[in-house]
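Colleague: After the structure tokens below, expect a handful of questions from me.
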Amino acid sequence: MSGLESYVNNTVSIITADGRNFVGTLKGFDQTVNVILDESHERVYSMTAGIEQVVLGLHIIRGDNIAIIGQLDESVDSKLDFTTIRGMPLEPHKFSSFVMCDSLEEKFGAWELFEEIWQKEMPDEDVVENIYDKLDLFVKDSPFHDRLKLCPDVKDNAKASNIRTRGNQFFHPKVKRYIEAIKCYNESIAFSEKGSEERAIAYANRSMICYELHRYEECLENIRLARESNYPDRLMSKLIKREEDAKKALQVNNSKGVNDSDDSTDYGGELKLSYSAHETVPQVAECLNLCESKNFGRYVVTNQDLNAGDVVIIERPFCRLLRDVYRCIRCDYCFKESIFTLIPCESCTVAMYCTVECMDKAHKQYHRIECPIIRDMWRIFTKLPVLSLRVVTTAIHSYDYNLHAMMEHLSDLNEKKVNAFAMDWTTATMRDIYDTVHVLETNTNLRGSKDRMMRVFFTTIIRKLLLERTDLGNICGLDVNLSELLDNLILRHLQTSAVNMHSMHYMEYQPTEKLYEIENHASACFPLLSMLNHSCAPNVTRVSLFDDRCAVIVSRPIPKGGQLYDNYGMHHSLMTRKERKLDLAKQYKFVCKCEACINDYPLYHDLPSIDTTRHGMIDISAIHEELVLHSVKRAAELLPKLRRYLNDIGHEYPGKETCSCQELFKRSFEILYNPTSESASYWKYCNP
Ligand SMILES: C[S@@+](CC[C@H](N)C(=O)[O-])C[C@H]1O[C@@H](n2cnc3c(N)ncnc32)[C@H](O)[C@@H]1O
């Protein structure tokens, strides 16, 4: 960031994650490195012709799409003859995981449109005193339907057929990229109409891959689905042959006791709290209390000494959202990895499920409202606005879609009195739980005018989509109070989600490196976990469990009366104090005064070593190498050792060994309790 300042008003060259090259004068950038270029052009490379320069003028590039940015040496650049230079177009950035699909998010979305209007109408944010006078520019007059190409989501057999053809190319015997192929077949199933030949053939093709991967039961299930979807008679003989082969192979496996689909759940067993729980809050250890102060807002303290390894909270989320890149891999409702047997929602082209039961539950709880707009939501927004919508739809479901009852309750609610630690969770209904979500921190008064206006703009788009396309249009009718309620809920949760959202993780096998990495497949709202404040030198850590709950584990000793500190992704060993300060102020709206910020703890490589003559030594890199291989047995052996060591050295903070040991301890915990992808079993039969 600080490096970028020196580039302002100079010519820069930018390579984006999707492999494009932009050149222009850097006019400005913000904290997430969204940049504005003037007099810009795109350079399009080709092996058969010179470099084409497409003039763009004023152009905005989103920070999360920028891979490389550098100042251009104009004296060298101006001497180049672009007509004679040949170059391979860059490959788009590949996802680190092999088990994801393409994001639905488009390059020009709601944020870009907002930024465009803002740049035009509010060139100087500081001098705009009353931005709300200009509200209409953003909400009424903005042509966002056209600009964002909003349109109802419809099944499309032609598209289904095209995507299936792409899948067939991956299936080719010389390519053998079966997982890529199956993702295409799943997408093809999602686009196809019910009972269509396109759907039947996609199921049949999926059965073909299951057969190659020795997943015979799933092969037979796909053959059943293909038949149910009117598989054409002219191709039936191939299907029947595969069915016979799969049945025979299954019989052989059964007689040998082989289970090649390997869904064994080898893990650390049921995780429990380390202390007795609150009588009315069984998710939380009795020794934790919720306090409140002017500086910290609400925060959690312990009334007894806690040790590293203690499990103090295990919470189930109020609602969850699967990331769009997993839509053809995991069930949209239970998140189970079901790449071989997903079935589609019959109305949209996004949601897929592992069973009809999950489909019904999703429909009841949130998809009934979201279905007509979910594709557009993912197209034009990032995950935060989509999660905000999920909070709102789940809340509305908890009121059985009775918006009058919801409005009455919320207008009478004394927000100050809602206390998630004092509520009786043993009898709480979803409505009661929603109260604890409703009062999560918004930081409204600390947000700048641009931030607030952007959220109003997003709210307007979401509300209009809901009223135009979903049941909520009928439910709200002409009652302005109800559409105002909708507005308020969306706006509120666009703010709470930004501050309180938690990521959910699983372990994914990386076939090229032959090791496991943590991946983030979903986001969720946990009202109790949301009471934990941040420290850049945290003393607790979060671990996602198999059953979607999240556990809070103490990661170094906490004395009686001490506050429990989570880390919001800005750790002192990885980011400088200046970087952390900027990010925390931008997203969380506070100035951190944790021990790392006050004492300016150094980055990892400059941390002091602890006195190993007193505490003994552990071989950090050897343990790390063992843990990335993901042996449950080894993690179970290491966990108590690491825990003892951490309790021994935990007071020596910020020692290099202490920070490393915290990481190793967390990793061991994750191996034992995190969900793990079954993908490692795929690659012995195909190419990644
Ligand atoms: C997830 S909430 C934590 C609970 C929050 N204090 C509350 O009352 O709801 C995150 C928000 O808490 C506040 N916060 C978190 N950590 C803090 C800290 N170390 N010092 C001051 N405020 C903090 C900020 O307003 C932040 O946006």
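Labeling convention for the structure tokens: chains A, B, ... as they appear, residues from 1 per chain, ligands from 1 in order of appearance.
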Find the residues near Glu197 (chain A): any atom within 7 Å, counting only C-alpha atoms, skip ones fewer than 6 places away on the same chain, and give them as a list in words.
Modeller: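 These residues fall inside the cut-off: Asn230, Tyr231 and Pro232 of chain A.
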Colleague: Which protein, DNA or RNA residues have an atom within 7 Å of ligand 1, counting only C-alpha atoms and all ligand atoms, as a list in words?
Modeller: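 Checked against 7 Å with only C-alpha atoms and all ligand atoms; the hits are Asn295, Phe296, Gly297, Arg298, Tyr299, Leu440, Glu441, Asn443, Val499, Asn500, Ser530, Met531, Leu532, Asn533, His534, Ser535, Tyr588, Lys589, Phe590, Val591, Cys592, Lys593 and Cys594 of chain A.
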Colleague: Produce a file of the selected residues containing C-alpha atoms, as a PDB file, in the first residue's frame.
Modeller:
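This went into part.pdb:
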```
ATOM      1  CA  ASN A 295     -13.980   1.033  24.850  1.00  0.00           C
ATOM      2  CA  PHE A 296     -14.704  -2.578  24.037  1.00  0.00           C
ATOM      3  CA  GLY A 297     -18.474  -2.742  23.601  1.00  0.00           C
ATOM      4  CA  ARG A 298     -19.484  -6.269  24.657  1.00  0.00           C
ATOM      5  CA  TYR A 299     -16.639  -8.665  25.437  1.00  0.00           C
ATOM      6  CA  LEU A 440     -25.025  -7.642  16.628  1.00  0.00           C
ATOM      7  CA  GLU A 441     -22.656  -4.718  16.186  1.00  0.00           C
ATOM      8  CA  ASN A 443     -20.823   0.311  13.762  1.00  0.00           C
ATOM      9  CA  VAL A 499     -18.269  -7.096  11.312  1.00  0.00           C
ATOM     10  CA  ASN A 500     -19.500 -10.451  12.585  1.00  0.00           C
ATOM     11  CA  SER A 530     -19.547 -12.693  17.744  1.00  0.00           C
ATOM     12  CA  MET A 531     -19.150 -11.427  21.302  1.00  0.00           C
ATOM     13  CA  LEU A 532     -15.392 -12.085  21.139  1.00  0.00           C
ATOM     14  CA  ASN A 533     -13.260  -9.023  20.523  1.00  0.00           C
ATOM     15  CA  HIS A 534     -10.082  -8.904  18.480  1.00  0.00           C
ATOM     16  CA  SER A 535      -6.434  -8.863  19.461  1.00  0.00           C
ATOM     17  CA  TYR A 588     -14.083  -3.133  12.063  1.00  0.00           C
ATOM     18  CA  LYS A 589     -14.019   0.584  12.909  1.00  0.00           C
ATOM     19  CA  PHE A 590     -11.814   0.548  15.971  1.00  0.00           C
ATOM     20  CA  VAL A 591      -8.285   1.432  16.971  1.00  0.00           C
ATOM     21  CA  CYS A 592      -6.600  -1.644  18.374  1.00  0.00           C
ATOM     22  CA  LYS A 593      -4.805  -1.240  21.676  1.00  0.00           C
ATOM     23  CA  CYS A 594      -3.811  -4.847  22.150  1.00  0.00           C
TER      24      CYS A 594
END
```
Colleague: So, with only C-alpha atoms as the atoms that count, which of A:Val300, A:Met423, A:Val391, A:Ile36 lies closest to Gln495 (chain A)?
Modeller: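 Nearest candidate to Gln495 (chain A) out of A:Val300, A:Met423, A:Val391, A:Ile36: A:Val391.
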Colleague: Which residues are close to region 11-27 of chain A, i.e. within 6 Å by only C-alpha atoms, leaving aside same-chain residues fewer than 5 positions away? Reply as a PyMOL selection string.
Modeller: chain A and resi 36-43+65-72+90-93
Colleague: What gap, in Å, lies between CA of Met359 (chain A) and CA of Thr394 (chain A)?
Modeller: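 Taking CA of Met359 (chain A) and CA of Thr394 (chain A), their separation equals 15.2 Å.
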Colleague: Quick one: pull the distance between CA of Ile373 (chain A) and CA of Gly477 (chain A), Å, one decimal.
Modeller: 18.5 Å
Colleague: Tell me, in Å to one decimal, how far CA of Ile209 (chain A) is from CA of Cys184 (chain A).
Modeller: 11.8 Å
Colleague: Quick one: of A:Ile396, A:Cys659, A:Val540, A:Met88, who's nearest to Pro602 (chain A), counting only C-alpha atoms?
Modeller: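 Closest candidate: A:Cys659.
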Colleague: Which residue is closest to Glu370 (chain A)? Choose from A:Thr393, A:Asn599, A:Ser681, A:Thr280 and count only C-alpha atoms.
Modeller: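 Counting only C-alpha atoms, the residue closest to Glu370 (chain A) is A:Thr393.
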Colleague: Under the rule that only C-alpha atoms are counted, which of A:Leu342, A:Leu290, A:Ile329, A:Leu271 is the nearest residue to Thr355 (chain A)?
Modeller: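 Looking at the shortest contact to Thr355 (chain A), the residue is A:Leu342.
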Colleague: Given only C-alpha atoms as the basis, pick out the residue of A:Glu243, A:Asp424, A:Asp310, A:Glu519 nearest to Glu221 (chain A).
Modeller: A:Glu243
Colleague: In region 37-83 of chain A, what's strand (DSSP E or B) per DSSP? Answer as a ChimeraX atom specification?
Modeller: /A:37-44,52-61,66-71
Colleague: Could you take the residues named above and write them with C-alpha atoms, as a PDB file, in the first residue's frame?
Modeller:
```pdb
ATOM      1  CA  LEU A  37      -6.550   4.500 -13.875  1.00  0.00           C
ATOM      2  CA  ASP A  38      -6.820   7.417 -16.278  1.00  0.00           C
ATOM      3  CA  GLU A  39      -5.898   7.443 -19.962  1.00  0.00           C
ATOM      4  CA  SER A  40      -5.740   3.698 -19.734  1.00  0.00           C
ATOM      5  CA  HIS A  41      -5.695   0.928 -22.296  1.00  0.00           C
ATOM      6  CA  GLU A  42      -5.672  -2.849 -22.260  1.00  0.00           C
ATOM      7  CA  ARG A  43      -2.864  -4.752 -24.008  1.00  0.00           C
ATOM      8  CA  VAL A  44      -4.146  -7.872 -25.692  1.00  0.00           C
ATOM      9  CA  GLU A  52      -3.520  -4.830 -29.654  1.00  0.00           C
ATOM     10  CA  GLN A  53      -4.068  -1.753 -27.474  1.00  0.00           C
ATOM     11  CA  VAL A  54      -7.730  -1.262 -26.580  1.00  0.00           C
ATOM     12  CA  VAL A  55      -8.382   2.279 -25.345  1.00  0.00           C
ATOM     13  CA  LEU A  56     -10.394   2.446 -22.093  1.00  0.00           C
ATOM     14  CA  GLY A  57      -9.902   5.976 -20.716  1.00  0.00           C
ATOM     15  CA  LEU A  58     -10.953   6.276 -17.056  1.00  0.00           C
ATOM     16  CA  HIS A  59     -11.030   2.739 -15.682  1.00  0.00           C
ATOM     17  CA  ILE A  60     -11.508   1.148 -12.263  1.00  0.00           C
ATOM     18  CA  ILE A  61      -9.927  -2.168 -11.331  1.00  0.00           C
ATOM     19  CA  ILE A  66      -5.124  -7.401  -9.113  1.00  0.00           C
ATOM     20  CA  ALA A  67      -2.273  -9.915  -9.208  1.00  0.00           C
ATOM     21  CA  ILE A  68       0.701  -7.604  -9.974  1.00  0.00           C
ATOM     22  CA  ILE A  69       1.057  -3.832 -10.147  1.00  0.00           C
ATOM     23  CA  GLY A  70       4.248  -2.019 -11.106  1.00  0.00           C
ATOM     24  CA  GLN A  71       5.469   1.318 -12.422  1.00  0.00           C
TER      25      GLN A  71
END
```
Colleague: Go through A:His363, A:Asn402, A:Leu638, A:Met407 one by one, measure the shortest atom-to-atom distance of each to Ala622 (chain A) using only C-alpha atoms, and give the residue with the smallest value.
Modeller: A:Leu638
Colleague: List the neighbours of region 487-489 of chain A out to 8 Å using only C-alpha atoms; skip same-chain residues closer than 2 positions along the sequence, and give me the result as a PyMOL selection string.
Modeller: chain A and resi 392+459-460+463+483-485+491-493
Colleague: Skipping near chain neighbours, those fewer than 3 positions away, what residues fall within 10 Å of Leu515 (chain A) using only C-alpha atoms, listed as a VMD selection string?
Modeller: chain A and resid 507 to 512 625 to 630 680
Colleague: Can you check which residues of region 522-688 of chain A DSSP gives as helix (DSSP H, G or I) on the backbone and send them as a PyMOL selection string?
Modeller: chain A and resi 529-531+577-588+595-599+604-606+612-615+620-627+632-649+656-673+679-681
Colleague: Residues at most 8 Å from Thr84 (chain A), counting only C-alpha atoms, excluding those fewer than 6 positions away in the same chain, as a PDB file with N, CA and C atoms, in the first residue's frame?
Modeller:
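Generated output (part18.pdb):
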```
ATOM      1  N   ALA A  49      -0.465 -12.166 -34.003  1.00  0.00           N
ATOM      2  CA  ALA A  49      -0.483 -10.754 -34.417  1.00  0.00           C
ATOM      3  C   ALA A  49       0.205  -9.936 -33.331  1.00  0.00           C
ATOM      4  N   GLY A  50       0.471  -8.658 -33.645  1.00  0.00           N
ATOM      5  CA  GLY A  50       1.103  -7.797 -32.652  1.00  0.00           C
ATOM      6  C   GLY A  50       0.169  -7.529 -31.478  1.00  0.00           C
ATOM      7  N   ILE A  51       0.683  -6.771 -30.497  1.00  0.00           N
ATOM      8  CA  ILE A  51      -0.130  -6.489 -29.310  1.00  0.00           C
ATOM      9  C   ILE A  51      -1.188  -5.448 -29.675  1.00  0.00           C
TER      10      ILE A  51
END
```
Colleague: Could you give me, as a list in words, the residues within 9 Å of Trp425 (chain A), counting only C-alpha atoms and dropping anything in the same chain fewer than 5 positions from it?
Modeller: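 That gives Thr280, Val281, Pro282, Gln283, Ala420, Asp432 and Ile433 of chain A.
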